[in-house]
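Engineer: What follows is target-v8.cif, made up of mmCIF, C-alpha atoms:
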```cif
data_start
loop_
_atom_site.group_PDB
_atom_site.id
_atom_site.type_symbol
_atom_site.label_atom_id
_atom_site.label_comp_id
_atom_site.auth_asym_id
_atom_site.auth_seq_id
_atom_site.Cartn_x
_atom_site.Cartn_y
_atom_site.Cartn_z
ATOM 1 C CA MET A 183 -0.057 -4.556 30.773
ATOM 2 C CA ARG A 184 -2.949 -3.775 28.427
ATOM 3 C CA SER A 185 -0.661 -3.538 25.371
ATOM 4 C CA ILE A 186 0.948 -6.895 26.255
ATOM 5 C CA PHE A 187 -2.512 -8.487 26.602
ATOM 6 C CA VAL A 188 -3.649 -7.116 23.229
ATOM 7 C CA LEU A 189 -0.441 -8.323 21.554
ATOM 8 C CA LEU A 190 -0.886 -11.821 23.008
ATOM 9 C CA LEU A 191 -4.545 -11.845 21.940
ATOM 10 C CA VAL A 192 -3.706 -10.849 18.372
ATOM 11 C CA LEU A 193 -0.888 -13.374 18.140
ATOM 12 C CA GLY A 194 -3.326 -16.008 19.374
ATOM 13 C CA LEU A 195 -5.820 -15.011 16.708
ATOM 14 C CA PHE A 196 -3.110 -15.222 14.044
ATOM 15 C CA LYS A 197 -2.194 -18.717 15.256
ATOM 16 C CA TYR A 198 -5.858 -19.771 15.204
ATOM 17 C CA ALA A 199 -6.447 -18.321 11.728
ATOM 18 C CA PHE A 200 -3.331 -19.950 10.304
ATOM 19 C CA ALA A 201 -4.383 -23.316 11.720
ATOM 20 C CA GLU A 202 -7.897 -22.913 10.298
ATOM 21 C CA GLU A 203 -6.736 -22.065 6.776
ATOM 22 C CA GLY A 204 -3.443 -23.931 6.613
ATOM 23 C CA PHE A 205 -1.705 -20.667 5.674
ATOM 24 C CA CYS A 206 1.790 -21.869 6.518
ATOM 25 C CA SER A 207 1.387 -25.549 5.766
ATOM 26 C CA ALA A 208 0.036 -25.433 2.221
ATOM 27 C CA PRO A 209 2.249 -23.339 -0.051
ATOM 28 C CA SER A 210 0.803 -25.130 -3.090
ATOM 29 C CA GLU A 211 -2.594 -23.560 -2.359
ATOM 30 C CA SER A 212 -1.178 -20.046 -2.430
ATOM 31 C CA LYS A 213 0.437 -20.764 -5.809
ATOM 32 C CA SER A 214 -2.970 -21.614 -7.241
ATOM 33 C CA LYS A 215 -4.459 -18.313 -6.109
ATOM 34 C CA PRO A 216 -4.195 -14.997 -7.995
ATOM 35 C CA LEU A 217 -1.371 -12.668 -7.079
ATOM 36 C CA TYR A 218 -2.225 -10.457 -4.076
ATOM 37 C CA TRP A 219 -5.455 -12.372 -3.383
ATOM 38 C CA LYS A 220 -4.874 -12.069 0.360
ATOM 39 C CA VAL A 221 -5.232 -8.290 0.268
ATOM 40 C CA ASP A 222 -8.992 -8.886 0.055
ATOM 41 C CA ASN A 223 -8.886 -12.277 1.814
ATOM 42 C CA PRO A 224 -6.515 -11.833 4.768
ATOM 43 C CA THR A 225 -5.626 -14.787 6.970
ATOM 44 C CA LEU A 226 -7.024 -12.986 9.998
ATOM 45 C CA SER A 227 -10.113 -11.718 8.226
ATOM 46 C CA PRO A 228 -13.081 -9.730 9.549
ATOM 47 C CA ILE A 229 -15.079 -12.965 9.830
ATOM 48 C CA HIS A 230 -12.634 -14.240 12.468
ATOM 49 C CA LEU A 231 -13.493 -11.214 14.635
ATOM 50 C CA GLN A 232 -17.270 -11.604 14.577
ATOM 51 C CA ASP A 233 -17.261 -13.147 18.053
ATOM 52 C CA LEU A 234 -15.167 -10.284 19.444
ATOM 53 C CA PRO A 235 -17.552 -7.296 19.391
ATOM 54 C CA GLY A 236 -15.686 -4.012 19.357
ATOM 55 C CA PHE A 237 -12.267 -5.564 18.711
ATOM 56 C CA THR A 238 -10.038 -4.260 15.939
ATOM 57 C CA ARG A 239 -6.320 -4.300 15.259
ATOM 58 C CA SER A 240 -6.544 -0.773 13.850
ATOM 59 C CA VAL A 241 -4.658 1.931 15.740
ATOM 60 C CA TYR A 242 -4.436 5.685 15.212
ATOM 61 C CA LYS A 243 -1.784 7.795 16.924
ATOM 62 C CA SER A 244 -0.346 11.232 16.257
ATOM 63 C CA ASN A 245 2.658 9.852 14.360
ATOM 64 C CA HIS A 246 1.398 6.602 12.838
ATOM 65 C CA ALA A 247 -1.673 4.535 12.068
ATOM 66 C CA LEU A 248 -2.435 0.894 11.339
ATOM 67 C CA VAL A 249 -5.676 0.354 9.423
ATOM 68 C CA SER A 250 -6.619 -3.313 9.248
ATOM 69 C CA PRO A 251 -9.248 -4.792 6.887
ATOM 70 C CA GLU A 252 -12.045 -5.113 9.467
ATOM 71 C CA SER A 253 -11.975 -1.295 9.813
ATOM 72 C CA HIS A 254 -12.276 -0.391 6.135
ATOM 73 C CA VAL A 255 -15.357 1.728 5.465
ATOM 74 C CA TYR A 256 -16.447 1.908 1.828
ATOM 75 C CA GLY A 257 -18.642 4.513 0.193
ATOM 76 C CA PRO A 258 -19.214 6.031 -3.248
ATOM 77 C CA LEU A 259 -16.146 7.828 -4.615
ATOM 78 C CA PRO A 260 -16.838 11.412 -5.690
ATOM 79 C CA ASP A 261 -17.117 11.757 -9.491
ATOM 80 C CA TRP A 262 -16.495 8.014 -10.052
ATOM 81 C CA ILE A 263 -19.221 5.823 -11.600
ATOM 82 C CA ASP A 264 -20.262 2.611 -9.810
ATOM 83 C CA THR A 265 -17.123 2.608 -7.671
ATOM 84 C CA SER A 266 -16.798 2.181 -3.910
ATOM 85 C CA GLY A 267 -13.778 3.586 -2.116
ATOM 86 C CA ALA A 268 -12.230 3.330 1.331
ATOM 87 C CA TYR A 269 -10.011 6.285 2.268
ATOM 88 C CA LEU A 270 -7.275 4.820 4.463
ATOM 89 C CA ILE A 271 -4.814 7.736 4.718
ATOM 90 C CA SER A 272 -5.738 11.408 4.355
ATOM 91 C CA PRO A 273 -4.606 14.866 5.520
ATOM 92 C CA GLU A 274 -7.057 14.690 8.425
ATOM 93 C CA MET A 275 -4.595 12.330 10.154
ATOM 94 C CA GLY A 276 -1.577 14.487 9.333
ATOM 95 C CA SER A 277 -0.476 13.226 5.907
ATOM 96 C CA HIS A 278 0.166 15.366 2.823
ATOM 97 C CA PHE A 279 -1.360 12.736 0.520
ATOM 98 C CA VAL A 280 -4.393 10.483 0.283
ATOM 99 C CA MET A 281 -4.383 6.717 -0.154
ATOM 100 C CA TYR A 282 -7.521 4.758 -0.871
ATOM 101 C CA LEU A 283 -8.772 1.452 -2.192
ATOM 102 C CA ALA A 284 -11.174 1.652 -5.133
ATOM 103 C CA LYS A 285 -13.450 -1.281 -5.966
ATOM 104 C CA LEU A 286 -14.721 -0.944 -9.518
ATOM 105 C CA LYS A 287 -17.779 -2.841 -10.679
ATOM 106 C CA GLU A 288 -18.665 -3.864 -14.203
ATOM 107 C CA LYS A 289 -18.722 -0.725 -16.395
ATOM 108 C CA SER A 290 -17.255 1.475 -13.659
ATOM 109 C CA LYS A 291 -15.399 4.655 -14.587
ATOM 110 C CA SER A 292 -13.084 6.955 -12.665
ATOM 111 C CA GLY A 293 -13.345 10.663 -12.054
ATOM 112 C CA LEU A 294 -10.422 13.068 -12.364
ATOM 113 C CA PRO A 295 -8.253 14.261 -9.470
ATOM 114 C CA LEU A 296 -8.657 17.838 -8.305
ATOM 115 C CA PRO A 297 -6.742 20.530 -10.230
ATOM 116 C CA GLY A 298 -3.031 20.420 -9.447
ATOM 117 C CA VAL A 299 -3.235 16.904 -7.994
ATOM 118 C CA GLU A 300 -1.194 13.987 -9.329
ATOM 119 C CA ARG A 301 -2.342 10.354 -9.154
ATOM 120 C CA PHE A 302 -0.745 6.896 -8.986
ATOM 121 C CA ILE A 303 -2.707 3.639 -9.301
ATOM 122 C CA PHE A 304 -1.679 0.012 -8.772
ATOM 123 C CA VAL A 305 -3.891 -2.917 -9.818
ATOM 124 C CA LEU A 306 -4.589 -5.442 -7.051
ATOM 125 C CA GLN A 307 -7.343 -7.545 -8.627
ATOM 126 C CA GLY A 308 -8.847 -7.847 -12.087
ATOM 127 C CA ALA A 309 -7.875 -5.490 -14.913
ATOM 128 C CA VAL A 310 -8.590 -1.878 -15.833
ATOM 129 C CA THR A 311 -8.373 0.077 -19.077
ATOM 130 C CA LEU A 312 -6.662 3.467 -19.124
ATOM 131 C CA THR A 313 -7.659 6.000 -21.760
ATOM 132 C CA ASN A 314 -6.056 9.401 -22.299
ATOM 133 C CA ALA A 315 -7.489 12.560 -23.850
ATOM 134 C CA ALA A 316 -6.355 11.450 -27.317
ATOM 135 C CA GLY A 317 -8.417 8.270 -27.008
ATOM 136 C CA VAL A 318 -5.401 5.959 -26.696
ATOM 137 C CA SER A 319 -6.196 3.022 -24.396
ATOM 138 C CA GLN A 320 -4.030 0.549 -22.513
ATOM 139 C CA LEU A 321 -4.956 -2.501 -20.429
ATOM 140 C CA LEU A 322 -3.485 -2.829 -16.931
ATOM 141 C CA LYS A 323 -3.567 -6.206 -15.185
ATOM 142 C CA VAL A 324 -2.640 -7.210 -11.636
ATOM 143 C CA ASP A 325 0.804 -5.909 -10.587
ATOM 144 C CA SER A 326 0.666 -3.118 -13.188
ATOM 145 C CA TYR A 327 0.562 0.578 -12.391
ATOM 146 C CA ALA A 328 0.200 4.047 -13.863
ATOM 147 C CA TYR A 329 1.223 7.571 -12.888
ATOM 148 C CA PHE A 330 -0.731 10.636 -14.030
ATOM 149 C CA PRO A 331 0.794 14.133 -13.709
ATOM 150 C CA PRO A 332 -1.424 16.928 -12.390
ATOM 151 C CA ASN A 333 -4.151 18.093 -14.774
ATOM 152 C CA PHE A 334 -3.584 15.114 -17.088
ATOM 153 C CA GLU A 335 -6.925 14.069 -18.529
ATOM 154 C CA HIS A 336 -7.565 10.323 -18.306
ATOM 155 C CA SER A 337 -10.141 7.710 -17.404
ATOM 156 C CA ILE A 338 -9.952 4.331 -15.655
ATOM 157 C CA GLU A 339 -12.613 1.826 -16.701
ATOM 158 C CA CYS A 340 -13.268 -1.890 -16.467
ATOM 159 C CA ASP A 341 -15.543 -4.531 -17.990
ATOM 160 C CA THR A 342 -15.383 -6.843 -14.957
ATOM 161 C CA PRO A 343 -14.846 -6.077 -11.241
ATOM 162 C CA ALA A 344 -11.402 -4.832 -10.273
ATOM 163 C CA THR A 345 -9.624 -3.412 -7.227
ATOM 164 C CA ILE A 346 -6.912 -0.758 -7.319
ATOM 165 C CA VAL A 347 -5.006 1.198 -4.704
ATOM 166 C CA VAL A 348 -4.757 4.920 -5.413
ATOM 167 C CA PHE A 349 -2.337 7.590 -4.158
ATOM 168 C CA GLU A 350 -3.010 11.277 -4.773
ATOM 169 C CA ARG A 351 -1.166 14.396 -3.654
ATOM 170 C CA ARG A 352 -0.886 18.027 -4.643
ATOM 171 C CA TYR A 353 2.092 18.289 -6.955
ATOM 172 C CA SER A 354 5.083 20.345 -5.797
ATOM 173 C CA PRO A 355 6.579 21.837 -8.991
ATOM 174 C CA LEU A 356 10.216 22.639 -9.715
ATOM 175 C CA PRO A 357 11.227 25.062 -12.485
ATOM 176 C CA ASN A 358 12.205 23.310 -15.741
ATOM 177 C CA HIS A 359 11.153 19.874 -14.497
ATOM 178 C CA ILE A 360 7.933 18.391 -15.897
ATOM 179 C CA PRO A 361 6.722 14.891 -14.963
ATOM 180 C CA GLU A 362 5.499 12.581 -17.705
ATOM 181 C CA PRO A 363 2.696 10.003 -17.494
ATOM 182 C CA LEU A 364 3.916 6.460 -16.861
ATOM 183 C CA VAL A 365 2.596 2.923 -17.302
ATOM 184 C CA GLY A 366 4.519 -0.134 -16.132
ATOM 185 C CA SER A 367 4.543 -3.396 -14.197
ATOM 186 C CA THR A 368 6.513 -4.526 -11.170
ATOM 187 C CA ASP A 369 8.250 -7.444 -12.878
ATOM 188 C CA LYS A 370 9.681 -5.117 -15.541
ATOM 189 C CA GLN A 371 11.497 -2.980 -12.950
ATOM 190 C CA PRO A 372 15.091 -3.903 -12.077
ATOM 191 C CA LEU A 373 16.219 -4.939 -8.625
ATOM 192 C CA LEU A 374 18.224 -2.118 -7.071
ATOM 193 C CA GLU A 375 21.175 -2.301 -4.742
ATOM 194 C CA THR A 376 20.367 -1.900 -1.042
ATOM 195 C CA PRO A 377 23.711 -1.384 0.730
ATOM 196 C CA GLY A 378 23.650 -2.824 4.234
ATOM 197 C CA GLU A 379 20.231 -4.432 3.689
ATOM 198 C CA ILE A 380 19.078 -7.835 2.410
ATOM 199 C CA PHE A 381 15.551 -7.083 1.176
ATOM 200 C CA GLU A 382 14.809 -6.739 -2.553
ATOM 201 C CA LEU A 383 13.860 -3.270 -3.804
ATOM 202 C CA ARG A 384 12.179 -2.001 -6.942
ATOM 203 C CA LYS A 385 11.188 1.607 -7.637
ATOM 204 C CA LEU A 386 8.145 2.161 -9.825
ATOM 205 C CA ILE A 387 8.659 5.864 -10.593
ATOM 206 C CA PRO A 388 11.811 7.482 -12.020
ATOM 207 C CA THR A 389 14.096 9.098 -9.473
ATOM 208 C CA SER A 390 14.496 12.289 -11.546
ATOM 209 C CA LEU A 391 13.658 15.658 -10.008
ATOM 210 C CA ALA A 392 10.442 16.005 -12.006
ATOM 211 C CA TYR A 393 8.756 13.528 -9.629
ATOM 212 C CA ASP A 394 8.078 14.545 -6.027
ATOM 213 C CA PHE A 395 7.366 11.055 -4.689
ATOM 214 C CA ASN A 396 8.134 7.442 -5.434
ATOM 215 C CA ILE A 397 6.481 4.075 -4.918
ATOM 216 C CA HIS A 398 8.726 1.223 -3.794
ATOM 217 C CA ILE A 399 8.062 -2.515 -3.895
ATOM 218 C CA MET A 400 9.995 -4.260 -1.116
ATOM 219 C CA ASP A 401 10.355 -8.045 -0.729
ATOM 220 C CA PHE A 402 11.492 -9.868 2.418
ATOM 221 C CA GLN A 403 12.016 -13.603 2.764
ATOM 222 C CA PRO A 404 10.854 -15.193 6.058
ATOM 223 C CA GLY A 405 13.199 -14.175 8.866
ATOM 224 C CA GLU A 406 14.606 -11.149 7.023
ATOM 225 C CA PHE A 407 14.341 -7.710 8.573
ATOM 226 C CA LEU A 408 15.355 -4.091 8.107
ATOM 227 C CA ASN A 409 18.866 -3.438 9.321
ATOM 228 C CA VAL A 410 18.382 0.318 9.725
ATOM 229 C CA LYS A 411 15.894 1.451 12.343
ATOM 230 C CA GLU A 412 14.682 4.325 10.205
ATOM 231 C CA VAL A 413 13.955 7.841 11.475
ATOM 232 C CA HIS A 414 13.580 10.425 8.686
ATOM 233 C CA TYR A 415 11.572 13.414 7.473
ATOM 234 C CA ASN A 416 9.744 11.494 4.711
ATOM 235 C CA GLN A 417 6.195 10.245 5.125
ATOM 236 C CA HIS A 418 5.097 6.738 4.197
ATOM 237 C CA GLY A 419 1.875 5.080 3.132
ATOM 238 C CA LEU A 420 2.206 1.289 3.028
ATOM 239 C CA LEU A 421 0.016 -1.568 1.808
ATOM 240 C CA LEU A 422 1.086 -5.089 2.730
ATOM 241 C CA LEU A 423 0.512 -7.135 -0.428
ATOM 242 C CA GLU A 424 1.749 -10.539 0.746
ATOM 243 C CA GLY A 425 2.978 -12.233 3.902
ATOM 244 C CA GLN A 426 3.009 -11.224 7.543
ATOM 245 C CA GLY A 427 5.412 -9.970 10.161
ATOM 246 C CA ILE A 428 6.055 -7.457 12.939
ATOM 247 C CA TYR A 429 6.181 -3.708 12.348
ATOM 248 C CA ARG A 430 7.665 -1.372 14.923
ATOM 249 C CA LEU A 431 6.195 2.139 14.839
ATOM 250 C CA GLY A 432 7.422 4.464 17.574
ATOM 251 C CA ASP A 433 7.374 2.464 20.803
ATOM 252 C CA SER A 434 4.675 0.057 19.588
ATOM 253 C CA TRP A 435 5.079 -3.351 17.925
ATOM 254 C CA TYR A 436 2.301 -4.577 15.650
ATOM 255 C CA PRO A 437 1.626 -7.989 14.086
ATOM 256 C CA VAL A 438 0.718 -7.192 10.476
ATOM 257 C CA GLN A 439 -0.508 -9.199 7.485
ATOM 258 C CA ALA A 440 -1.506 -8.840 3.842
ATOM 259 C CA GLY A 441 -4.291 -6.272 3.518
ATOM 260 C CA ASP A 442 -3.016 -4.017 6.324
ATOM 261 C CA VAL A 443 -2.322 -0.336 5.642
ATOM 262 C CA ILE A 444 0.179 1.761 7.607
ATOM 263 C CA TRP A 445 0.728 5.510 7.727
ATOM 264 C CA MET A 446 4.073 6.760 9.062
ATOM 265 C CA ALA A 447 4.560 10.429 9.930
ATOM 266 C CA PRO A 448 7.940 12.165 9.652
ATOM 267 C CA PHE A 449 10.530 11.005 12.192
ATOM 268 C CA VAL A 450 8.532 8.141 13.680
ATOM 269 C CA PRO A 451 10.953 5.241 14.395
ATOM 270 C CA GLN A 452 10.118 2.367 12.043
ATOM 271 C CA TRP A 453 11.355 -1.201 11.545
ATOM 272 C CA TYR A 454 10.029 -4.423 9.998
ATOM 273 C CA ALA A 455 10.716 -8.154 10.314
ATOM 274 C CA ALA A 456 9.100 -10.826 8.101
ATOM 275 C CA LEU A 457 7.602 -13.928 9.755
ATOM 276 C CA GLY A 458 5.861 -17.077 8.521
ATOM 277 C CA LYS A 459 6.822 -19.345 5.623
ATOM 278 C CA THR A 460 6.062 -17.103 2.653
ATOM 279 C CA ARG A 461 7.661 -13.879 1.483
ATOM 280 C CA THR A 462 6.509 -10.458 2.532
ATOM 281 C CA ARG A 463 5.893 -7.947 -0.223
ATOM 282 C CA TYR A 464 4.736 -4.440 0.440
ATOM 283 C CA LEU A 465 4.090 -1.338 -1.617
ATOM 284 C CA ILE A 466 5.185 1.884 0.043
ATOM 285 C CA TYR A 467 4.797 5.578 -0.818
ATOM 286 C CA LYS A 468 7.661 7.955 -0.031
ATOM 287 C CA ASP A 469 7.912 11.671 -0.811
ATOM 288 C CA ALA A 470 11.177 12.530 -2.572
ATOM 289 C CA ASN A 471 13.252 15.139 -4.410
ATOM 290 C CA ARG A 472 11.932 18.109 -2.455
ATOM 291 C CA SER A 473 13.398 20.073 0.439
ATOM 292 C CA PRO A 474 11.410 19.741 3.680
ATOM 293 C CA LEU A 475 11.497 23.550 4.027
#
```
Show the structure stored in the file as structure tokens.

Structural biologist:
Amino acid sequence: MRSIFVLLLVLGLFKYAFAEEGFCSAPSESKSKPLYWKVDNPTLSPIHLQDLPGFTRSVYKSNHALVSPESHVYGPLPDWIDTSGAYLISPEMGSHFVMYLAKLKEKSKSGLPLPGVERFIFVLQGAVTLTNAAGVSQLLKVDSYAYFPPNFEHSIECDTPATIVVFERRYSPLPNHIPEPLVGSTDKQPLLETPGEIFELRKLIPTSLAYDFNIHIMDFQPGEFLNVKEVHYNQHGLLLLEGQGIYRLGDSWYPVQAGDVIWMAPFVPQWYAALGKTRTRYLIYKDANRSPL
């Protein structure tokens, strides 16, 4: 009964928030906003929960977690300059990777990952400049990304505030396979076939054996859903970039929206359906190309 009550309460809050902001009735407004602006300005935002002391949509269980924006806790990132970070997924919950949001201020600068750790970044707001050990720089804007192999010297800087999502994990090497640094943007990646499914899929990292994980961008139109109710050994770390819907994790069903983060442990049943009048887009981490043994 309690879970049904909480679900009804959250759905009521979504309905209230949508009515307040005209989320579904004013598509022209969303077109005038920057891409992924709702990650930091969700429809059901922390301000809507101020009159509900102690309430959060965040959930942590042994095989999955939902971390909603009102639960994000920011603090200084180790070895970064003028940057606040919120660790949203980490090995303490059972993952083999970390996922965090980094908010860079004017003149911020990144630190390096630990030895043997690879890094992937995706720009959510603003722009950042990447510089390698040779002094070669490249500007990354919203919807752009970069992959850095382990022990690859680099810096991430910005002249104006920016927000990025960062994935890091200890690299699992294979003989004769060496990953290369990458820079790209979502719109430059081809749509891939998804047999038996109707969502649109792009992969941001090559599928070759040198890389031990991938980052997928998945798009669902309103009313579309996953056909396969997935159960597999891979872990996931997901950031909802746009839209809203229902995510099944194990035996629980969660209303989710842009700005929400989800961790999925191996073999947890998982399924998604997109709701509302705008597309859902999410970014999702998946380990790959390595035996589970």

Engineer: I'd like to know which of A:Ser367, A:Thr225, A:Ser214, A:Gln320 is closest to A:Gln426, using all atoms listed in the file.

Structural biologist: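 Selected residue with least distance to A:Gln426: A:Thr225.
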
Engineer: Starting from the displayed file, determine the output of the PyMOL selection byres ((chain A and resi 374-381) around 12) and express the residue list as number ranges by chain.

Structural biologist: A: 371-373, 382-386, 398-411, 454-456, 461-464

Engineer: Determine the residue membership of the PyMOL selection byres ((chain A and resi 302) around 9) for the file above and supply it as a PDB file with C-alpha atoms, keeping the file's coordinate frame.

Structural biologist:
```pdb
ATOM      1  CA  GLU A 300      -1.194  13.987  -9.329  1.00  0.00           C
ATOM      2  CA  ARG A 301      -2.342  10.354  -9.154  1.00  0.00           C
ATOM      3  CA  ILE A 303      -2.707   3.639  -9.301  1.00  0.00           C
ATOM      4  CA  PHE A 304      -1.679   0.012  -8.772  1.00  0.00           C
ATOM      5  CA  TYR A 327       0.562   0.578 -12.391  1.00  0.00           C
ATOM      6  CA  ALA A 328       0.200   4.047 -13.863  1.00  0.00           C
ATOM      7  CA  TYR A 329       1.223   7.571 -12.888  1.00  0.00           C
ATOM      8  CA  PHE A 330      -0.731  10.636 -14.030  1.00  0.00           C
ATOM      9  CA  PRO A 331       0.794  14.133 -13.709  1.00  0.00           C
ATOM     10  CA  VAL A 347      -5.006   1.198  -4.704  1.00  0.00           C
ATOM     11  CA  VAL A 348      -4.757   4.920  -5.413  1.00  0.00           C
ATOM     12  CA  PHE A 349      -2.337   7.590  -4.158  1.00  0.00           C
ATOM     13  CA  GLU A 350      -3.010  11.277  -4.773  1.00  0.00           C
ATOM     14  CA  ILE A 397       6.481   4.075  -4.918  1.00  0.00           C
TER      15      ILE A 397
END
```

Engineer: Report, in Å with one decimal, the straight-line distance from atom CA of A:Asp394 to atom CA of A:Gly298.

Structural biologist: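 A separation of 13.0 Å between them.
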
Engineer: Let me make sure I understand: among A:Gly419, A:Pro388, A:Pro343, A:Pro357, which one has the smallest atom-to-atom distance to A:Ala309 if we use only C-alpha atoms?

Structural biologist: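 Nearest candidate to A:Ala309 out of A:Gly419, A:Pro388, A:Pro343, A:Pro357: A:Pro343.
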
Engineer: List the spatial neighbours of A:Leu294 as a list in words - criterion: any atom at most 8 Å away, all atoms listed in the file, same-chain residues fewer than 4 positions off excluded.

Structural biologist: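 Those residues are Asp261, Glu335, His336 and Ser337 of chain A.
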
Engineer: Can you measure atom CA of A:Glu362 to atom CA of A:Ala392 for me? One decimal in Å is fine.

Structural biologist: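 Rounded to one decimal, the two atoms are 8.3 Å apart.
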